[in-house]
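One file, start-v8.txt, carrying compact mmCIF, C-alpha atoms:
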```txt
# COMPACT_ATOMS: atom_id res chain seq x y z
CA MET K 1 119.02 63.39 110.20
CA GLN K 2 115.60 61.76 109.85
CA ILE K 3 113.46 62.95 106.96
CA THR K 4 110.81 64.20 109.41
CA GLU K 5 113.37 66.51 111.01
CA VAL K 6 114.59 67.64 107.59
CA HIS K 7 111.04 68.40 106.53
CA LYS K 8 110.39 70.43 109.66
CA LYS K 9 113.65 72.36 109.27
CA GLU K 10 113.01 73.02 105.58
CA PHE K 11 109.33 73.96 105.71
CA GLY K 12 108.62 74.78 109.35
CA CYS K 13 106.10 71.98 109.82
CA VAL K 14 106.12 68.23 110.36
CA PRO K 15 105.12 66.09 107.38
CA GLN K 16 101.61 64.72 107.26
CA ALA K 17 102.88 61.45 105.78
CA VAL K 18 106.14 59.69 104.96
CA ALA K 19 106.36 56.85 102.42
CA SER K 20 109.20 54.56 101.37
CA ALA K 21 109.64 52.54 98.15
CA PRO K 22 112.38 50.10 97.14
CA ASP K 23 114.98 50.20 94.42
CA ARG K 24 115.10 47.00 92.37
CA PHE K 25 117.05 45.01 89.88
CA HIS K 26 116.16 42.17 87.52
CA LEU K 27 117.94 38.83 87.84
CA ILE K 28 116.83 37.04 84.66
CA GLY K 29 114.58 37.86 81.72
CA GLU K 30 114.66 41.66 81.75
CA HIS K 31 114.96 41.76 77.94
CA SER K 32 111.97 39.60 77.07
CA TRP K 33 108.99 41.83 77.91
CA PHE K 34 108.32 42.63 74.23
CA PHE K 35 107.86 38.93 73.51
CA LYS K 36 105.40 38.42 76.38
CA ASP K 37 107.83 36.31 78.40
CA LYS K 38 108.80 36.39 82.09
CA THR K 39 111.14 38.41 84.31
CA LEU K 40 112.55 37.47 87.72
CA SER K 41 113.19 40.51 89.94
CA LEU K 42 114.10 41.52 93.49
CA ALA K 43 113.19 44.62 95.51
CA ILE K 44 116.23 45.80 97.46
CA ASP K 45 116.63 47.83 100.62
CA VAL K 46 118.08 50.94 99.03
CA PRO K 47 114.92 52.94 99.59
CA VAL K 48 113.53 56.18 98.29
CA THR K 49 111.77 58.05 101.10
CA VAL K 50 109.35 60.93 100.58
CA SER K 51 107.70 63.26 103.10
CA VAL K 52 104.71 65.42 102.22
CA SER K 53 102.71 68.22 103.83
CA GLY K 54 99.95 70.34 102.33
CA ARG K 55 100.10 74.10 101.81
CA ASP K 56 97.52 76.89 102.02
CA ASP K 57 98.67 78.42 98.72
CA ASP K 58 99.11 77.18 95.16
CA PHE K 59 102.86 76.62 95.25
CA PHE K 60 104.82 73.39 95.20
CA TYR K 61 108.18 73.20 96.97
CA TYR K 62 110.56 70.28 96.39
CA TYR K 63 113.79 69.42 98.18
CA TRP K 64 116.13 66.51 97.41
CA LEU K 65 118.12 65.99 100.58
CA GLU K 66 121.21 64.19 99.26
CA LYS K 67 121.59 66.53 96.30
CA ASP K 68 120.77 69.60 98.44
CA ASP K 69 118.66 70.69 95.47
CA ARG K 70 115.57 72.87 95.84
CA LYS K 71 112.88 73.58 93.28
CA LYS K 72 109.65 75.58 93.28
CA SER K 73 106.72 75.61 90.90
CA GLY K 74 103.21 76.91 90.55
CA ALA K 75 100.38 74.96 88.93
CA ILE K 76 101.40 71.68 87.31
CA PRO K 77 102.17 72.39 83.62
CA ALA K 78 100.69 70.32 80.82
CA LYS K 79 104.10 69.21 79.58
CA VAL K 80 107.59 68.48 80.87
CA ARG K 81 110.15 71.25 81.07
CA LYS K 82 113.75 70.16 80.54
CA GLU K 83 114.99 72.32 83.39
CA ASP K 84 112.77 70.48 85.88
CA ARG K 85 114.89 67.28 85.73
CA TRP K 86 114.02 65.08 88.74
CA VAL K 87 111.07 67.27 89.68
CA SER K 88 109.29 66.18 86.50
CA VAL K 89 109.09 62.65 87.93
CA ILE K 90 107.23 64.01 90.98
CA LYS K 91 105.06 66.27 88.85
CA SER K 92 103.96 63.29 86.79
CA VAL K 93 102.44 61.75 89.92
CA ILE K 94 100.69 64.97 90.89
CA TYR K 95 99.43 65.20 87.31
CA GLY K 96 98.06 61.67 87.69
CA PHE K 97 96.17 62.61 90.86
CA VAL K 98 94.69 65.71 89.22
CA SER K 99 93.64 63.70 86.17
CA LYS K 100 91.66 61.44 88.54
CA GLY K 101 89.81 64.44 89.96
CA ALA K 102 91.90 65.00 93.09
CA ASN K 103 92.22 68.57 94.37
CA ILE K 104 95.84 69.39 95.19
CA GLN K 105 96.30 73.04 96.10
CA GLY K 106 99.99 73.08 97.01
CA LEU K 107 102.62 70.83 98.60
CA ASN K 108 105.86 70.70 100.51
CA LEU K 109 107.85 67.62 99.57
CA VAL K 110 111.22 66.23 100.70
CA LEU K 111 112.89 63.44 98.75
CA SER K 112 115.62 61.28 100.26
CA ALA K 113 117.41 58.76 98.06
CA ARG K 114 120.84 57.46 98.98
CA MET K 115 123.27 57.94 96.14
CA SER K 116 124.89 54.51 95.99
CA PRO K 117 127.71 53.89 93.51
CA VAL K 118 126.28 50.54 92.46
CA PHE K 119 122.51 50.94 92.62
CA GLY K 120 119.83 53.05 91.00
CA TYR K 121 118.10 50.59 88.70
CA GLY K 122 114.54 51.29 89.83
CA ARG K 123 115.12 54.72 91.31
CA THR K 124 112.69 56.63 89.11
CA ASN K 125 109.79 54.25 89.71
CA ALA K 126 110.56 54.14 93.42
CA ILE K 127 110.25 57.93 93.52
CA LYS K 128 106.92 57.80 91.72
CA PHE K 129 105.33 55.29 94.06
CA ALA K 130 106.74 56.82 97.24
CA VAL K 131 105.32 60.18 96.15
CA ALA K 132 101.94 58.66 95.26
CA TYR K 133 101.54 56.86 98.58
CA ALA K 134 102.75 59.85 100.61
CA ILE K 135 100.37 62.27 98.90
CA ASN K 136 97.47 59.86 99.22
CA ALA K 137 98.03 59.51 102.98
CA ALA K 138 98.94 63.15 103.66
CA LEU K 139 95.90 64.62 101.93
CA GLY K 140 93.49 61.90 102.99
CA PHE K 141 92.45 60.88 99.49
CA ASN K 142 91.98 57.16 100.32
CA PHE K 143 92.69 55.94 96.81
CA THR K 144 93.05 52.16 96.74
CA GLU K 145 96.31 50.42 95.86
CA ASP K 146 95.07 49.66 92.35
CA GLU K 147 93.98 53.27 91.90
CA LEU K 148 97.39 54.54 93.02
CA VAL K 149 99.04 52.26 90.48
CA SER K 150 96.72 53.68 87.82
CA ILE K 151 97.63 57.23 88.90
CA VAL K 152 101.34 56.55 88.55
CA VAL K 153 100.93 54.78 85.22
CA SER K 154 98.72 57.51 83.74
CA GLY K 155 101.06 60.25 84.93
CA SER K 156 104.01 58.49 83.34
CA ARG K 157 102.14 57.89 80.11
CA ASP K 158 100.37 61.24 79.70
CA PHE K 159 102.81 63.65 81.36
CA LEU K 160 106.25 62.10 80.90
CA LYS K 161 105.26 60.31 77.68
CA GLU K 162 106.91 57.10 78.83
CA ARG K 163 105.80 53.67 79.95
CA ILE K 164 106.30 51.74 83.17
CA PHE K 165 107.25 48.14 82.56
CA LEU K 166 105.18 45.65 84.51
CA ALA K 167 108.18 44.07 86.22
CA ASP K 168 109.22 47.50 87.51
CA LEU K 169 105.70 48.26 88.70
CA TYR K 170 105.19 44.92 90.44
CA SER K 171 108.63 45.12 92.08
CA ALA K 172 107.92 48.56 93.51
CA VAL K 173 104.42 47.82 94.81
CA TYR K 174 103.92 44.13 95.53
CA SER K 175 107.34 42.78 96.53
CA GLU K 176 107.82 40.99 99.85
CA LYS K 177 110.94 40.68 101.95
CA ASP K 178 113.13 37.62 101.28
CA SER K 179 111.18 36.93 98.12
CA PHE K 180 111.71 37.23 94.41
CA ILE K 181 108.88 38.44 92.22
CA LEU K 182 108.16 36.75 88.90
CA THR K 183 106.36 38.85 86.27
CA ASP K 184 104.48 37.09 83.49
CA TYR K 185 103.97 39.52 80.60
CA ALA K 186 101.71 37.11 78.74
CA ASN K 187 98.87 37.55 81.23
CA ASP K 188 99.96 40.63 83.24
CA THR K 189 100.35 38.71 86.50
CA PHE K 190 103.03 38.24 89.12
CA GLU K 191 104.07 35.51 91.55
CA ILE K 192 105.85 35.93 94.89
CA LEU K 193 108.65 33.40 95.38
CA PRO K 194 110.00 33.23 98.97
CA PHE K 195 113.62 32.14 99.25
CA ASP K 196 115.92 31.13 102.08
CA PHE K 197 119.55 31.44 101.06
CA SER K 198 120.58 32.24 104.62
CA ASP K 199 124.17 31.04 104.19
CA LYS K 200 124.69 33.19 101.10
CA SER K 201 125.32 36.88 100.53
CA LEU K 202 123.91 38.65 97.50
CA LEU K 203 126.50 41.05 96.14
CA PHE K 204 126.15 43.77 93.53
CA ILE K 205 129.54 44.30 91.90
CA GLU K 206 130.77 47.13 89.68
CA THR K 207 134.07 46.79 87.83
CA LYS K 208 134.44 50.49 86.96
CA VAL K 209 135.90 49.53 83.58
CA PRO K 210 134.72 51.99 80.90
CA ARG K 211 132.80 50.12 78.21
CA PHE K 212 130.20 50.99 75.64
CA ASP K 213 127.05 49.41 74.31
CA SER K 214 127.76 47.72 70.98
CA TRP K 215 124.17 47.63 69.69
CA HIS K 216 120.73 49.05 70.41
CA GLU K 217 118.39 46.49 71.91
CA ALA K 218 115.28 48.26 70.59
CA SER K 219 116.24 47.19 67.07
CA LEU K 220 115.20 43.67 68.09
CA PHE K 221 111.71 44.70 69.15
CA GLU K 222 109.92 44.31 65.83
CA PRO K 223 106.30 43.08 65.55
CA GLU K 224 107.40 40.60 62.89
CA TYR K 225 109.93 39.06 65.28
CA ALA K 226 107.30 38.83 68.02
CA LEU K 227 104.98 36.93 65.67
CA LEU K 228 107.76 34.53 64.70
CA MET K 229 108.70 33.97 68.33
CA GLY K 230 105.03 33.25 68.96
CA ASP K 231 105.22 30.48 66.37
CA LEU K 232 107.91 28.84 68.52
CA LYS K 233 105.73 28.79 71.63
CA GLU K 234 104.21 25.43 72.44
CA GLU K 235 101.39 24.70 74.86
CA LYS K 236 102.48 22.88 78.00
CA LYS K 237 99.92 22.90 80.77
CA SER K 238 102.41 21.84 83.44
CA ALA K 239 104.65 24.86 82.73
CA VAL K 240 104.19 28.20 84.48
CA GLY K 241 102.04 30.30 82.17
CA GLY K 242 101.00 27.22 80.21
CA TRP K 243 103.66 27.26 77.49
CA VAL K 244 107.34 26.77 76.66
CA TYR K 245 109.50 27.54 73.65
CA ASN K 246 110.39 24.91 71.08
CA ASP K 247 114.15 24.79 71.63
CA ASN K 248 115.00 22.59 68.65
CA LEU K 249 117.70 24.57 66.82
CA ALA K 250 116.67 23.29 63.39
CA ASP K 251 113.09 24.50 63.94
CA ILE K 252 114.31 27.81 65.38
CA HIS K 253 116.51 28.57 62.38
CA GLU K 254 113.76 27.57 59.96
CA ILE K 255 111.13 29.80 61.58
CA LEU K 256 113.45 32.75 62.27
CA ALA K 257 115.35 32.56 58.97
CA ALA K 258 114.07 35.94 57.77
CA CYS K 259 115.44 37.70 60.88
CA GLY K 260 119.09 37.42 59.86
CA GLU K 261 121.81 35.44 61.59
CA LYS K 262 122.77 38.16 64.08
CA ASN K 263 119.22 38.65 65.29
CA ILE K 264 118.58 34.91 65.36
CA ARG K 265 121.38 34.55 67.92
CA LYS K 266 119.80 37.22 70.11
CA LEU K 267 116.36 35.63 69.85
CA ILE K 268 117.87 32.26 70.77
CA ALA K 269 119.23 33.97 73.88
CA LEU K 270 115.70 35.06 74.79
CA ILE K 271 114.36 31.55 74.20
CA ARG K 272 116.99 30.26 76.59
CA GLU K 273 116.17 33.04 79.05
CA HIS K 274 112.60 31.80 79.32
CA LYS K 275 113.88 28.33 80.19
CA ASN K 276 116.35 29.81 82.70
CA VAL K 277 113.58 31.78 84.43
CA LEU K 278 111.47 28.64 84.82
CA GLU K 279 114.40 26.60 86.11
CA ALA K 280 115.37 29.34 88.55
CA ARG K 281 111.75 29.39 89.79
CA ASP K 282 111.79 25.63 90.31
CA GLY K 283 115.03 25.89 92.29
CA ILE K 284 113.62 28.66 94.48
CA LEU K 285 110.38 26.83 95.26
CA SER K 286 112.15 23.54 95.98
CA GLY K 287 114.78 25.23 98.15
CA GLN K 288 117.53 23.86 95.91
CA PHE K 289 120.07 26.66 95.62
CA GLY K 290 122.17 24.63 93.19
CA SER K 291 119.32 24.46 90.67
CA PHE K 292 118.71 28.18 91.00
CA ALA K 293 122.44 28.93 90.67
CA ARG K 294 122.75 26.76 87.58
CA ALA K 295 119.96 28.75 85.89
CA VAL K 296 121.62 32.06 86.79
CA ASN K 297 125.00 30.92 85.43
CA SER K 298 123.32 29.61 82.28
CA SER K 299 121.60 32.98 81.83
CA HIS K 300 124.96 34.74 82.05
CA GLU K 301 126.38 32.47 79.36
CA SER K 302 123.43 33.19 77.04
CA MET K 303 123.69 36.93 77.59
CA ARG K 304 127.43 36.80 76.94
CA ASP K 305 127.56 34.41 73.99
CA TYR K 306 124.33 35.20 72.13
CA TYR K 307 122.90 38.55 73.24
CA GLU K 308 126.13 40.60 73.00
CA MET K 309 125.63 41.75 76.57
CA SER K 310 129.22 40.94 77.41
CA SER K 311 132.20 42.16 79.37
CA PRO K 312 135.52 40.30 79.67
CA GLU K 313 136.08 41.94 83.04
CA VAL K 314 132.79 40.61 84.43
CA ASP K 315 133.62 37.19 82.99
CA TRP K 316 136.99 37.31 84.77
CA ILE K 317 135.36 38.04 88.12
CA LEU K 318 132.61 35.42 87.71
CA LYS K 319 135.17 32.77 86.82
CA ARG K 320 137.05 33.54 90.05
CA ILE K 321 133.84 33.50 92.09
CA LEU K 322 132.95 30.04 90.81
CA SER K 323 136.48 28.80 91.45
CA ILE K 324 136.29 29.59 95.19
CA ASN K 325 135.09 26.52 97.09
CA PRO K 326 133.44 24.77 94.11
CA ASN K 327 131.07 21.85 94.62
CA LEU K 328 133.49 19.13 93.57
CA ALA K 329 131.00 16.41 94.47
CA ASP K 330 128.38 17.71 92.03
CA VAL K 331 129.46 20.33 89.49
CA ARG K 332 125.86 20.69 88.33
CA ASN K 333 124.87 22.17 91.68
CA PRO K 334 127.25 25.07 92.30
CA PHE K 335 127.55 26.84 95.65
CA SER K 336 127.90 30.25 93.93
CA CYS K 337 126.46 31.96 90.90
CA GLY K 338 126.51 35.28 89.10
CA ARG K 339 125.34 37.15 86.05
CA ILE K 340 126.10 40.32 84.16
CA CYS K 341 123.55 43.09 84.73
CA ASP K 342 121.72 45.15 82.17
CA THR K 343 123.57 48.47 82.33
CA PRO K 344 124.64 50.69 79.41
CA SER K 345 128.30 49.92 80.07
CA PHE K 346 127.94 46.16 80.78
CA ARG K 347 130.41 46.45 83.64
CA CYS K 348 128.22 45.35 86.56
CA MET K 349 127.13 41.98 87.84
CA TYR K 350 125.38 40.36 90.78
CA SER K 351 126.49 37.24 92.60
CA PHE K 352 125.23 34.89 95.29
CA VAL K 353 128.24 33.65 97.25
CA PRO K 354 128.67 31.74 100.54
CA ASP K 355 129.50 34.15 103.35
CA GLU K 356 132.70 32.25 104.06
CA ASN K 357 133.93 33.00 100.52
CA ILE K 358 133.82 36.79 100.76
CA PRO K 359 137.35 37.30 102.24
CA GLU K 360 138.83 35.23 99.42
CA LEU K 361 136.69 37.11 96.89
CA GLU K 362 138.04 40.43 98.14
CA LYS K 363 141.54 39.13 97.40
CA LYS K 364 140.38 38.38 93.85
CA PHE K 365 139.14 41.96 93.56
CA GLN K 366 142.62 43.19 94.53
CA GLU K 367 144.08 40.93 91.86
CA PHE K 368 141.62 42.39 89.36
CA GLU K 369 142.84 45.89 90.19
CA ARG K 370 146.45 44.89 89.65
CA ILE K 371 145.63 43.32 86.26
CA PHE K 372 143.08 45.75 84.83
CA GLY K 373 143.92 48.93 86.73
CA PHE K 374 140.37 49.53 87.95
CA ARG K 375 139.04 49.17 91.48
CA VAL K 376 136.03 46.93 92.07
CA LYS K 377 133.20 48.23 94.22
CA TYR K 378 130.58 45.99 95.73
CA GLU K 379 127.69 46.15 98.17
CA LYS K 380 125.71 43.49 99.96
CA ILE K 381 122.09 43.51 98.90
CA VAL K 382 119.26 43.07 101.38
CA SER K 383 115.77 42.42 100.09
CA ARG K 384 112.69 44.29 101.26
CA GLY K 385 109.00 44.62 100.61
CA GLY K 386 107.22 47.08 98.34
CA VAL K 387 106.13 50.66 98.89
CA GLU K 388 104.76 51.46 102.35
CA ILE K 389 103.67 54.31 104.59
CA VAL K 390 106.39 54.84 107.18
CA SER K 391 104.61 57.46 109.28
```

Kindly return the structure encoded in the file as structure tokens.
Amino acid sequence: MQITEVHKKEFGCVPQAVASAPDRFHLIGEHSWFFKDKTLSLAIDVPVTVSVSGRDDDFFYYYWLEKDDRKKSGAIPAKVRKEDRWVSVIKSVIYGFVSKGANIQGLNLVLSARMSPVFGYGRTNAIKFAVAYAINAALGFNFTEDELVSIVVSGSRDFLKERIFLADLYSAVYSEKDSFILTDYANDTFEILPFDFSDKSLLFIETKVPRFDSWHEASLFEPEYALLMGDLKEEKKSAVGGWVYNDNLADIHEILAACGEKNIRKLIALIREHKNVLEARDGILSGQFGSFARAVNSSHESMRDYYEMSSPEVDWILKRILSINPNLADVRNPFSCGRICDTPSFRCMYSFVPDENIPELEKKFQEFERIFGFRVKYEKIVSRGGVEIVS
């Protein structure tokens, strides 16, 4: 059932606006924001859709279609209530509008978000921007794109007491179909990178193997470490952003000596990530999939060997992916690539594989189940643009 029909059935009126925003995931560099580095991301067509209509009273009615969950509230409270759960995300946006002087009397709102077993990375931010754009159009506020971004950011900061990372924001708002988006945290900018991997499928793969995080990444985000990492940055005008890391291991160990050996290894991983992002960008812009794939595979190795973001099960699958139809003529330019994803359990990965390899890959998944006892789930990923008004 279309969300317009659901809205009419639920509230007895057609919505005044419907907006859609994309989920997203990060390919490389998602851990380096604290050090003002770069992140390569992709908006994916697993959308959040929101319909909105105004009310003549002061009540707010919310309905999440897939969860069949209904909520009701009066005036927007000054702080989050634990029992509100997903509704608090919507309230943060309304709070942002009100803080900008907008008059919102009451609303009917329907949220539709497909509950995929292997997605959900940018779900919360997708909800926020779909709500913001739908309210703006439904109530005729005419806030500009930049003002809507400010509304979402201020609502997150002041109501939810949390931040929106730039890569998440840019992915939700500015993404374009068949394009990656590169966020540069050093100067708060982004770059759209069109790609044409038409003979490849992008798969998101979940192993279902129960695993646990072995360390807390936030322990690495110390101002002292950021200053030391800054000492390793060298000006290079020809590089994107105007700088690169000094990757001489002797210099790295000398400058980072006070961080401790375990943290040094993780910081080396981030230094390598910056290089991988730049090399992936070069491969994308030159249309050389092999160069892009080599950077992705290198990133996986760094995350596995240095950052402790590892999973033997993911390694097993990636090894099989790369063994199917390898580029025997030039091993430096692989036909496939893959990388572990940043999830609490470290059991997911993404992979670009030739379409012709998928039947053989499915056989490998069956072999995985026989060996490890867990069934692999995967979905093909289709890219899409950023948030938009649907109707």

One decimal, Å: what's the distance from CA of Arg281 (chain K) over to CA of Ile255 (chain K), could you say?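 So the two atoms, CA of Arg281 (chain K) and CA of Ile255 (chain K), lie 28.2 Å apart.
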
Residue contacts of Pro194 (chain K) (8 Å, only C-alpha atoms) excluding same-chain residues fewer than 3 positions away, as a ChimeraX atom specification: /K:178-180,284-285

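In this structure, CA of Leu267 (chain K) sits 24.9 Å away from CA of Glu191 (chain K).
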
Using only C-alpha atoms, find each residue of region 102-215 of chain K with at least one atom at most 12 Å away from an atom of region 74-98 of chain K; report its shortest atom-to-atom pair and that distance in Å (one decimal), sort the rows by chain and rising residue number, and return the result as CSV.
```
residue,atom,partner,partner_atom,distance
K:Ala102,CA,K:Val98,CA,4.8
K:Asn103,CA,K:Val98,CA,6.4
K:Ile104,CA,K:Val98,CA,7.1
K:Gln105,CA,K:Ala75,CA,8.5
K:Gly106,CA,K:Gly74,CA,8.2
K:Leu107,CA,K:Ile94,CA,9.9
K:Asn108,CA,K:Ile90,CA,11.7
K:Leu109,CA,K:Ile90,CA,9.3
K:Val110,CA,K:Ile90,CA,10.7
K:Leu111,CA,K:Ile90,CA,9.6
K:Ala113,CA,K:Trp86,CA,11.8
K:Arg123,CA,K:Val89,CA,10.5
K:Thr124,CA,K:Val89,CA,7.1
K:Asn125,CA,K:Val89,CA,8.6
K:Ala126,CA,K:Val89,CA,10.2
K:Ile127,CA,K:Ile90,CA,7.2
K:Lys128,CA,K:Val93,CA,6.2
K:Phe129,CA,K:Val93,CA,8.2
K:Ala130,CA,K:Ile90,CA,9.5
K:Val131,CA,K:Ile90,CA,6.7
K:Ala132,CA,K:Val93,CA,6.2
K:Tyr133,CA,K:Val93,CA,10.0
K:Ala134,CA,K:Val93,CA,10.9
K:Ile135,CA,K:Ile94,CA,8.5
K:Asn136,CA,K:Phe97,CA,8.9
K:Leu139,CA,K:Phe97,CA,11.3
K:Phe141,CA,K:Phe97,CA,9.6
K:Asn142,CA,K:Phe97,CA,11.7
K:Phe143,CA,K:Phe97,CA,9.6
K:Glu147,CA,K:Phe97,CA,9.6
K:Leu148,CA,K:Phe97,CA,8.4
K:Val149,CA,K:Gly96,CA,9.9
K:Ser150,CA,K:Gly96,CA,8.1
K:Ile151,CA,K:Gly96,CA,4.6
K:Val152,CA,K:Val93,CA,5.5
K:Val153,CA,K:Gly96,CA,7.9
K:Ser154,CA,K:Gly96,CA,5.8
K:Gly155,CA,K:Gly96,CA,4.3
K:Ser156,CA,K:Ser92,CA,5.9
K:Arg157,CA,K:Ser92,CA,8.8
K:Asp158,CA,K:Ser92,CA,8.2
K:Phe159,CA,K:Ser92,CA,5.6
K:Leu160,CA,K:Ser92,CA,6.4
K:Lys161,CA,K:Val80,CA,9.1
K:Glu162,CA,K:Ser92,CA,10.5
K:Arg163,CA,K:Ser92,CA,11.9
```

Let me make sure I understand: among K:Leu203, K:Val387, K:Ile317, K:Met303, which one has the smallest atom-to-atom distance to Ser20 (chain K) if we use only C-alpha atoms?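 Counting only C-alpha atoms, the residue closest to Ser20 (chain K) is K:Val387.
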
For Pro326 (chain K), please output as a list in words all residues within 8 Å (counting only C-alpha atoms; exclusion window: fewer than 3 positions along the same chain).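 Listed by chain and then number, they are Leu322, Ser323, Val331, Pro334, Phe335 and Ser336 of chain K.
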
Got time to write the residues from that selection, C-alpha atoms, as a tab-separated table (two decimals), in the frame of the given file?
```tsv
chain	number	residue	atom	x	y	z
K	322	LEU	CA	132.95	30.04	90.81
K	323	SER	CA	136.48	28.80	91.45
K	331	VAL	CA	129.46	20.33	89.49
K	334	PRO	CA	127.25	25.07	92.30
K	335	PHE	CA	127.55	26.84	95.65
K	336	SER	CA	127.90	30.25	93.93
```

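With CA of Glu176 (chain K) on one side and CA of Leu42 (chain K) on the other, the separation reads 9.0 Å.
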
Of the candidates K:Ala295, K:Ile389, K:Val46, K:Leu40, which shows the shortest atom-to-atom distance to Tyr170 (chain K), using only C-alpha atoms?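 Selected residue with least distance to Tyr170 (chain K): K:Leu40.
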
Applying 7 Å and all atoms listed in the file, which residues near Ser291 (chain K) remain after dropping the ones on its own chain fewer than 4 positions away? List them as an mmCIF file with C-alpha atoms, in the frame of the given file.
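Here's the written file out-v6.cif:
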```
data_model
loop_
_atom_site.group_PDB
_atom_site.id
_atom_site.type_symbol
_atom_site.label_atom_id
_atom_site.label_comp_id
_atom_site.auth_asym_id
_atom_site.auth_seq_id
_atom_site.Cartn_x
_atom_site.Cartn_y
_atom_site.Cartn_z
ATOM 1 C CA ALA K 280 115.370 29.340 88.550
ATOM 2 C CA GLY K 283 115.030 25.890 92.290
ATOM 3 C CA ALA K 295 119.960 28.750 85.890
ATOM 4 C CA ASN K 333 124.870 22.170 91.680
#
```

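Candidate residues K:Asp58, K:Glu217, K:Glu145, K:Glu388 were compared for distance to Glu308 (chain K), and the nearest is K:Glu217, using all atoms listed in the file.
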
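Comparing K:Lys363, K:Arg24, K:Arg304, K:Arg294 by their smallest distance to Ile381 (chain K), the closest is K:Arg24 (using only C-alpha atoms).
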
Could you check which of K:Thr4, K:Ser41, K:Asn263, K:Gln366 is closest to Cys341 (chain K), using only C-alpha atoms? K:Ser41
